[in-house]
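Undergrad: One file: coords.txt (compact mmCIF, C-alpha atoms).
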```
# COMPACT_ATOMS: atom_id res chain seq x y z
CA PHE A 1 -3.03 -1.24 -22.79
CA PHE A 2 -4.10 -3.81 -20.20
CA VAL A 3 -1.17 -6.11 -21.03
CA ALA A 4 1.28 -3.20 -21.25
CA ALA A 5 0.14 -1.83 -17.89
CA ALA A 6 0.39 -5.25 -16.25
CA LEU A 7 3.97 -5.61 -17.53
CA PHE A 8 4.90 -2.17 -16.25
CA TRP A 9 3.44 -2.70 -12.77
CA SER A 10 5.11 -6.13 -12.56
CA VAL A 11 8.44 -4.28 -12.61
CA PHE A 12 7.50 -1.11 -10.76
CA GLU A 13 5.84 -2.82 -7.82
CA GLN A 14 8.97 -4.76 -6.97
CA ALA A 15 10.10 -1.66 -5.10
CA GLY A 16 8.76 -3.23 -1.91
CA SER A 17 10.35 -6.62 -2.54
CA THR A 18 13.34 -6.99 -4.88
CA LEU A 19 14.53 -3.39 -4.56
CA ASN A 20 13.98 -3.33 -0.81
CA LEU A 21 15.99 -6.52 -0.33
CA PHE A 22 18.72 -5.11 -2.56
CA ALA A 23 18.77 -1.91 -0.52
CA GLU A 24 19.02 -3.86 2.74
CA ARG A 25 21.68 -6.35 1.68
CA SER A 26 23.71 -4.78 -1.10
CA VAL A 27 23.61 -0.96 -0.80
CA ASN A 28 25.83 1.16 1.43
CA ASN A 29 23.00 3.35 2.74
CA VAL A 30 25.05 6.44 3.50
CA VAL A 31 24.51 9.98 2.17
CA PHE A 32 26.94 12.78 3.11
CA GLY A 33 28.37 10.59 5.85
CA VAL A 34 24.96 9.90 7.44
CA ASP A 35 23.66 6.32 7.66
CA PHE A 36 19.96 5.75 7.03
CA PRO A 37 17.78 2.62 7.21
CA SER A 38 17.00 0.83 3.95
CA SER A 39 13.27 1.32 4.56
CA TRP A 40 13.71 5.02 3.76
CA TRP A 41 14.07 4.10 0.09
CA GLN A 42 10.31 3.49 0.06
CA SER A 43 9.79 7.24 0.53
CA LEU A 44 11.84 8.17 -2.53
CA ASN A 45 9.23 7.46 -5.21
CA PRO A 46 6.52 9.64 -3.55
CA LEU A 47 9.07 12.43 -3.08
CA LEU A 48 10.13 12.24 -6.73
CA ILE A 49 6.45 12.25 -7.78
CA PHE A 50 5.97 15.54 -5.91
CA ILE A 51 9.01 16.99 -7.65
CA PHE A 52 8.47 15.79 -11.22
CA ALA A 53 4.68 15.51 -11.64
CA PRO A 54 4.18 19.29 -11.94
CA ALA A 55 7.10 19.53 -14.37
CA LEU A 56 5.72 16.82 -16.66
CA ALA A 57 2.19 18.20 -16.45
CA TRP A 58 3.55 21.63 -17.43
CA LEU A 59 5.52 20.04 -20.30
CA TRP A 60 2.48 18.26 -21.77
CA VAL A 61 0.41 21.46 -21.55
CA LYS A 62 3.24 23.52 -23.05
CA LEU A 63 3.63 21.10 -25.96
CA GLY A 64 -0.12 21.12 -26.58
CA THR A 65 -0.94 19.25 -29.79
CA GLY A 66 2.78 18.63 -30.30
CA GLN A 67 3.02 16.35 -27.26
CA PRO A 68 3.58 12.62 -27.81
CA ALA A 69 0.40 10.58 -28.31
CA SER A 70 -0.70 8.17 -25.59
CA PRO A 71 0.90 5.06 -27.18
CA THR A 72 4.25 6.88 -27.31
CA LYS A 73 3.98 7.89 -23.65
CA PHE A 74 3.08 4.30 -22.81
CA ALA A 75 6.13 3.10 -24.74
CA ILE A 76 8.36 5.54 -22.84
CA GLY A 77 6.92 4.26 -19.56
CA LEU A 78 7.50 0.61 -20.45
CA VAL A 79 11.05 1.23 -21.67
CA GLY A 80 11.78 3.25 -18.52
CA GLY A 81 10.45 0.46 -16.32
CA GLY A 82 12.70 -2.08 -18.00
CA LEU A 83 15.72 0.23 -18.07
CA GLY A 84 15.42 0.87 -14.34
CA PHE A 85 16.08 -2.80 -13.61
CA LEU A 86 18.60 -3.20 -16.42
CA MET A 87 20.78 -0.36 -15.12
CA LEU A 88 20.84 -2.04 -11.69
CA ALA A 89 22.26 -5.27 -13.13
CA PRO A 90 25.93 -4.11 -13.05
CA ALA A 91 25.48 -3.08 -9.41
CA ALA A 92 24.07 -6.52 -8.62
CA ALA A 93 27.12 -8.10 -10.26
CA ALA A 94 29.41 -5.85 -8.20
CA ALA A 95 27.57 -6.80 -5.00
CA VAL A 96 28.14 -10.55 -5.40
CA GLY A 97 29.81 -11.99 -2.33
CA GLY A 98 28.42 -9.46 0.12
CA ALA A 99 30.02 -6.28 -1.23
CA LYS A 100 27.92 -3.11 -1.01
CA VAL A 101 27.43 -0.58 -3.79
CA GLY A 102 26.80 3.16 -3.59
CA VAL A 103 23.36 4.72 -3.30
CA VAL A 104 23.60 6.25 -6.77
CA TRP A 105 22.71 2.91 -8.39
CA LEU A 106 19.42 2.49 -6.56
CA PHE A 107 18.63 6.20 -6.80
CA ALA A 108 19.00 6.04 -10.59
CA THR A 109 16.60 3.09 -10.70
CA TYR A 110 13.98 4.84 -8.56
CA LEU A 111 14.30 8.03 -10.60
CA THR A 112 13.90 6.15 -13.89
CA HIS A 113 10.91 4.20 -12.57
CA THR A 114 9.25 7.37 -11.26
CA LEU A 115 9.59 9.19 -14.58
CA ALA A 116 8.32 6.08 -16.35
CA GLU A 117 5.34 5.90 -13.99
CA LEU A 118 4.49 9.54 -14.71
CA CYS A 119 4.48 8.81 -18.44
CA LEU A 120 2.34 5.68 -18.17
CA SER A 121 0.02 5.76 -15.17
CA PRO A 122 -1.94 9.02 -15.57
CA VAL A 123 -1.96 8.62 -19.35
CA GLY A 124 -3.36 5.10 -19.10
CA LEU A 125 -6.08 6.15 -16.69
CA SER A 126 -7.00 9.08 -18.93
CA SER A 127 -7.02 6.88 -22.05
CA MET A 128 -9.39 4.40 -20.43
CA THR A 129 -11.94 7.12 -19.71
CA LYS A 130 -11.56 8.71 -23.17
CA LEU A 131 -11.78 5.47 -25.15
CA ALA A 132 -14.61 3.77 -23.24
CA PRO A 133 -18.25 4.39 -24.17
CA ALA A 134 -19.91 6.49 -21.48
CA ARG A 135 -22.02 3.61 -20.15
CA ILE A 136 -18.98 1.45 -19.30
CA VAL A 137 -16.42 4.04 -18.14
CA GLY A 138 -16.62 2.71 -14.57
CA LEU A 139 -16.06 -0.85 -15.78
CA MET A 140 -13.02 0.19 -17.81
CA MET A 141 -11.57 2.00 -14.80
CA GLY A 142 -11.90 -1.29 -12.96
CA VAL A 143 -10.11 -3.07 -15.82
CA TRP A 144 -7.27 -0.55 -15.54
CA PHE A 145 -6.84 -1.28 -11.83
CA LEU A 146 -7.15 -5.00 -12.55
CA ALA A 147 -4.04 -4.60 -14.75
CA ALA A 148 -2.23 -3.17 -11.73
CA SER A 149 -3.26 -6.15 -9.60
CA VAL A 150 -2.13 -8.61 -12.30
CA GLY A 151 1.17 -6.73 -12.47
CA ASN A 152 1.55 -7.03 -8.69
CA LEU A 153 0.93 -10.77 -8.94
CA ILE A 154 3.55 -11.20 -11.68
CA GLY A 155 5.99 -8.99 -9.77
CA GLY A 156 5.52 -11.05 -6.62
CA GLN A 157 6.17 -14.26 -8.52
CA ALA A 158 9.33 -12.76 -10.07
CA ALA A 159 10.57 -11.50 -6.69
CA SER A 160 10.21 -15.03 -5.27
CA PHE A 161 13.33 -15.96 -7.29
CA TYR A 162 15.47 -13.46 -5.34
CA GLU A 163 17.03 -16.19 -3.20
CA SER A 164 17.30 -18.93 -5.82
CA MET A 165 18.52 -17.04 -8.89
CA PRO A 166 21.60 -14.85 -9.33
CA LEU A 167 20.37 -11.29 -8.79
CA GLN A 168 21.91 -9.95 -11.99
CA THR A 169 20.09 -12.66 -13.98
CA LEU A 170 16.80 -11.90 -12.22
CA LEU A 171 17.07 -8.16 -12.92
CA ILE A 172 17.81 -8.72 -16.60
CA ALA A 173 15.01 -11.28 -16.94
CA VAL A 174 12.49 -8.92 -15.34
CA ALA A 175 13.61 -6.05 -17.60
CA VAL A 176 13.24 -7.91 -20.92
CA LEU A 177 9.43 -8.02 -21.33
CA PRO A 178 8.65 -4.35 -20.57
CA LEU A 179 11.56 -3.27 -22.78
CA ALA A 180 10.33 -5.44 -25.65
CA ALA A 181 6.73 -4.28 -25.20
CA GLY A 182 7.83 -0.63 -25.05
CA VAL A 183 9.89 -0.91 -28.22
CA GLY A 184 6.98 -2.70 -29.92
CA MET A 185 4.53 0.04 -28.92
CA PHE A 186 6.96 2.68 -30.16
CA VAL A 187 7.37 0.94 -33.52
CA PHE A 188 3.61 0.62 -33.98
CA ARG A 189 2.72 3.94 -32.29
CA LYS A 190 1.19 5.48 -35.45
CA SER A 191 -1.14 2.53 -35.95
CA LEU A 192 -2.08 2.53 -32.25
CA THR A 193 -2.72 6.29 -32.33
CA ARG A 194 -5.05 5.87 -35.31
CA LEU A 195 -6.91 3.07 -33.50
CA MET A 196 -7.33 5.40 -30.51
CA GLY A 197 -8.67 8.22 -32.66
CA GLY A 198 -5.56 10.34 -32.12
CA ILE A 199 -6.19 11.09 -28.42
CA SER A 200 -3.25 12.38 -26.35
```
Now, as a test, write the supplied structure out as structure tokens.
TA:
Amino acid sequence: FFVAAALFWSVFEQAGSTLNLFAERSVNNVVFGVDFPSSWWQSLNPLLIFIFAPALAWLWVKLGTGQPASPTKFAIGLVGGGLGFLMLAPAAAAAVGGAKVGVVWLFATYLTHTLAELCLSPVGLSSMTKLAPARIVGLMMGVWFLAASVGNLIGGQAASFYESMPLQTLLIAVAVLPLAAGVGMFVFRKSLTRLMGGIS
């Protein structure tokens, strides 16, 4: 879970670097004829969290014991993180040479990343507290947040290639590891669920 979380955050936390630069340089920031600054994109994820968090919480409660197990939710989160960057690759190719693409490309990426975050982040935090022996719950919470910091470090290193690497190549390269990890977790989800004692 530590490695999976670090991979996810390495993609997700590039919202303030890679995605922000893309929004500034390559997106025609106009909605219904109104221009807006690229910095406004940073407000989209919190807004989408407010909209979709109650819906997903309701869904998990409604499904009850039929909801996906934690490894499956983690896999969905990882795949979503990778797909968010992968779906932006065609837009990056279209923006070569200074052209600007429509807002729908970046919106789709933020939406995918937000839904992925809602599948992975609260589930991971919950799993840490459920799996850890009572005497080291606090330590394991720290390990969970350490995964986020490692992910930020990896994401920062990846974003440093924004100027030196073709953007489409960078986006695809960043998407590969979380996609592979997500597919791997999905394939081995039954074994992982048994190791976790079947917790959701």
Undergrad: Which residue gives the smallest distance to Phe32 (chain A) among A:Gly16, A:Gly97, A:Gly102, A:Gly66, with all atoms listed in the file counted?
TA: A:Gly102
Undergrad: Kindly indicate which residue among A:Ala99, A:Met185, A:Leu179, A:Ala92 lies nearest to Ala75 (chain A), using all atoms listed in the file for the distances.
TA: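 Distance minimum relative to Ala75 (chain A) lands on A:Met185.
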Undergrad: Can you tell me, as number ranges by chain, what residues are no more than 7 Å from region 2-6 of chain A when counting all atoms listed in the file, ignoring any on the same chain fewer than 4 positions away?
TA: A: 10, 144, 147-148, 150-151, 181
Undergrad: Report as a short mmCIF file (atom, residue, chain, number, x, y, z; two decimals) with C-alpha atoms, keeping the file's coordinate frame all protein, DNA and RNA residues lying within 8 Å of Leu83 (chain A), evaluated on only C-alpha atoms, omitting residues in the same chain fewer than 3 positions from it.
TA:
```cif
data_model
loop_
_atom_site.label_atom_id
_atom_site.label_comp_id
_atom_site.auth_asym_id
_atom_site.auth_seq_id
_atom_site.Cartn_x
_atom_site.Cartn_y
_atom_site.Cartn_z
CA VAL A 79 11.05 1.23 -21.67
CA GLY A 80 11.78 3.25 -18.52
CA LEU A 86 18.60 -3.20 -16.42
CA MET A 87 20.78 -0.36 -15.12
CA THR A 109 16.60 3.09 -10.70
CA THR A 112 13.90 6.15 -13.89
CA ALA A 175 13.61 -6.05 -17.60
CA LEU A 179 11.56 -3.27 -22.78
#
```
Undergrad: Any idea what the distance is between CA of Ser126 (chain A) and CA of Leu195 (chain A)?
TA: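 Separation between CA of Ser126 (chain A) and CA of Leu195 (chain A): 15.8 Å.
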Undergrad: Could you pull region 120-131 of chain A out of the block above and give me all heavy atoms, as a PDB file, in the first residue's frame?
TA:
```
ATOM      1  N   LEU A 120      -8.929   5.977  -3.526  1.00  0.00           N
ATOM      2  CA  LEU A 120      -7.681   5.535  -2.898  1.00  0.00           C
ATOM      3  C   LEU A 120      -7.396   6.175  -1.551  1.00  0.00           C
ATOM      4  O   LEU A 120      -7.080   5.484  -0.584  1.00  0.00           O
ATOM      5  CB  LEU A 120      -6.531   5.803  -3.864  1.00  0.00           C
ATOM      6  CG  LEU A 120      -5.154   5.315  -3.442  1.00  0.00           C
ATOM      7  CD1 LEU A 120      -4.386   4.747  -4.625  1.00  0.00           C
ATOM      8  CD2 LEU A 120      -4.345   6.430  -2.796  1.00  0.00           C
ATOM      9  N   SER A 121      -7.525   7.483  -1.443  1.00  0.00           N
ATOM     10  CA  SER A 121      -7.040   8.179  -0.252  1.00  0.00           C
ATOM     11  C   SER A 121      -7.778   7.807   1.040  1.00  0.00           C
ATOM     12  O   SER A 121      -7.151   7.358   2.003  1.00  0.00           O
ATOM     13  CB  SER A 121      -7.084   9.692  -0.480  1.00  0.00           C
ATOM     14  OG  SER A 121      -6.549  10.368   0.629  1.00  0.00           O
ATOM     15  N   PRO A 122      -9.109   7.959   1.097  1.00  0.00           N
ATOM     16  CA  PRO A 122      -9.773   7.596   2.357  1.00  0.00           C
ATOM     17  C   PRO A 122      -9.701   6.105   2.656  1.00  0.00           C
ATOM     18  O   PRO A 122      -9.617   5.693   3.816  1.00  0.00           O
ATOM     19  CB  PRO A 122     -11.229   8.044   2.151  1.00  0.00           C
ATOM     20  CG  PRO A 122     -11.384   8.297   0.702  1.00  0.00           C
ATOM     21  CD  PRO A 122     -10.037   8.504   0.116  1.00  0.00           C
ATOM     22  N   VAL A 123      -9.690   5.294   1.604  1.00  0.00           N
ATOM     23  CA  VAL A 123      -9.606   3.843   1.780  1.00  0.00           C
ATOM     24  C   VAL A 123      -8.247   3.454   2.349  1.00  0.00           C
ATOM     25  O   VAL A 123      -8.147   2.619   3.243  1.00  0.00           O
ATOM     26  CB  VAL A 123      -9.871   3.125   0.431  1.00  0.00           C
ATOM     27  CG1 VAL A 123      -9.591   1.643   0.534  1.00  0.00           C
ATOM     28  CG2 VAL A 123     -11.304   3.365  -0.016  1.00  0.00           C
ATOM     29  N   GLY A 124      -7.184   4.079   1.817  1.00  0.00           N
ATOM     30  CA  GLY A 124      -5.849   3.783   2.322  1.00  0.00           C
ATOM     31  C   GLY A 124      -5.681   4.173   3.772  1.00  0.00           C
ATOM     32  O   GLY A 124      -5.135   3.417   4.577  1.00  0.00           O
ATOM     33  N   LEU A 125      -6.178   5.338   4.130  1.00  0.00           N
ATOM     34  CA  LEU A 125      -6.093   5.814   5.507  1.00  0.00           C
ATOM     35  C   LEU A 125      -6.861   4.882   6.440  1.00  0.00           C
ATOM     36  O   LEU A 125      -6.386   4.505   7.516  1.00  0.00           O
ATOM     37  CB  LEU A 125      -6.648   7.234   5.589  1.00  0.00           C
ATOM     38  CG  LEU A 125      -6.316   8.065   6.812  1.00  0.00           C
ATOM     39  CD1 LEU A 125      -4.824   8.145   7.035  1.00  0.00           C
ATOM     40  CD2 LEU A 125      -6.902   9.457   6.666  1.00  0.00           C
ATOM     41  N   SER A 126      -8.046   4.470   6.010  1.00  0.00           N
ATOM     42  CA  SER A 126      -8.859   3.551   6.799  1.00  0.00           C
ATOM     43  C   SER A 126      -8.172   2.192   6.945  1.00  0.00           C
ATOM     44  O   SER A 126      -8.154   1.599   8.024  1.00  0.00           O
ATOM     45  CB  SER A 126     -10.231   3.377   6.138  1.00  0.00           C
ATOM     46  OG  SER A 126     -10.975   2.376   6.774  1.00  0.00           O
ATOM     47  N   SER A 127      -7.582   1.700   5.842  1.00  0.00           N
ATOM     48  CA  SER A 127      -6.913   0.395   5.873  1.00  0.00           C
ATOM     49  C   SER A 127      -5.742   0.397   6.842  1.00  0.00           C
ATOM     50  O   SER A 127      -5.508  -0.587   7.554  1.00  0.00           O
ATOM     51  CB  SER A 127      -6.420   0.018   4.472  1.00  0.00           C
ATOM     52  OG  SER A 127      -7.504  -0.128   3.590  1.00  0.00           O
ATOM     53  N   MET A 128      -4.992   1.501   6.871  1.00  0.00           N
ATOM     54  CA  MET A 128      -3.850   1.588   7.782  1.00  0.00           C
ATOM     55  C   MET A 128      -4.301   1.425   9.235  1.00  0.00           C
ATOM     56  O   MET A 128      -3.670   0.729  10.018  1.00  0.00           O
ATOM     57  CB  MET A 128      -3.131   2.924   7.616  1.00  0.00           C
ATOM     58  CG  MET A 128      -2.354   3.059   6.327  1.00  0.00           C
ATOM     59  SD  MET A 128      -0.952   1.939   6.287  1.00  0.00           S
ATOM     60  CE  MET A 128      -0.403   2.152   4.603  1.00  0.00           C
ATOM     61  N   THR A 129      -5.393   2.083   9.586  1.00  0.00           N
ATOM     62  CA  THR A 129      -5.860   2.011  10.978  1.00  0.00           C
ATOM     63  C   THR A 129      -6.468   0.640  11.287  1.00  0.00           C
ATOM     64  O   THR A 129      -6.354   0.156  12.410  1.00  0.00           O
ATOM     65  CB  THR A 129      -6.898   3.106  11.273  1.00  0.00           C
ATOM     66  OG1 THR A 129      -7.998   2.969  10.375  1.00  0.00           O
ATOM     67  CG2 THR A 129      -6.293   4.483  11.099  1.00  0.00           C
ATOM     68  N   LYS A 130      -7.082   0.002  10.292  1.00  0.00           N
ATOM     69  CA  LYS A 130      -7.696  -1.310  10.532  1.00  0.00           C
ATOM     70  C   LYS A 130      -6.661  -2.428  10.600  1.00  0.00           C
ATOM     71  O   LYS A 130      -6.829  -3.393  11.346  1.00  0.00           O
ATOM     72  CB  LYS A 130      -8.710  -1.623   9.431  1.00  0.00           C
ATOM     73  CG  LYS A 130      -9.973  -0.781   9.499  1.00  0.00           C
ATOM     74  CD  LYS A 130     -10.879  -1.087   8.318  1.00  0.00           C
ATOM     75  CE  LYS A 130     -12.146  -0.253   8.364  1.00  0.00           C
ATOM     76  NZ  LYS A 130     -12.991  -0.462   7.166  1.00  0.00           N
ATOM     77  N   LEU A 131      -5.611  -2.320   9.788  1.00  0.00           N
ATOM     78  CA  LEU A 131      -4.621  -3.396   9.710  1.00  0.00           C
ATOM     79  C   LEU A 131      -3.569  -3.323  10.809  1.00  0.00           C
ATOM     80  O   LEU A 131      -3.007  -4.339  11.195  1.00  0.00           O
ATOM     81  CB  LEU A 131      -3.916  -3.356   8.345  1.00  0.00           C
ATOM     82  CG  LEU A 131      -4.758  -3.754   7.143  1.00  0.00           C
ATOM     83  CD1 LEU A 131      -4.021  -3.463   5.843  1.00  0.00           C
ATOM     84  CD2 LEU A 131      -5.124  -5.231   7.210  1.00  0.00           C
TER      85      LEU A 131
END
```
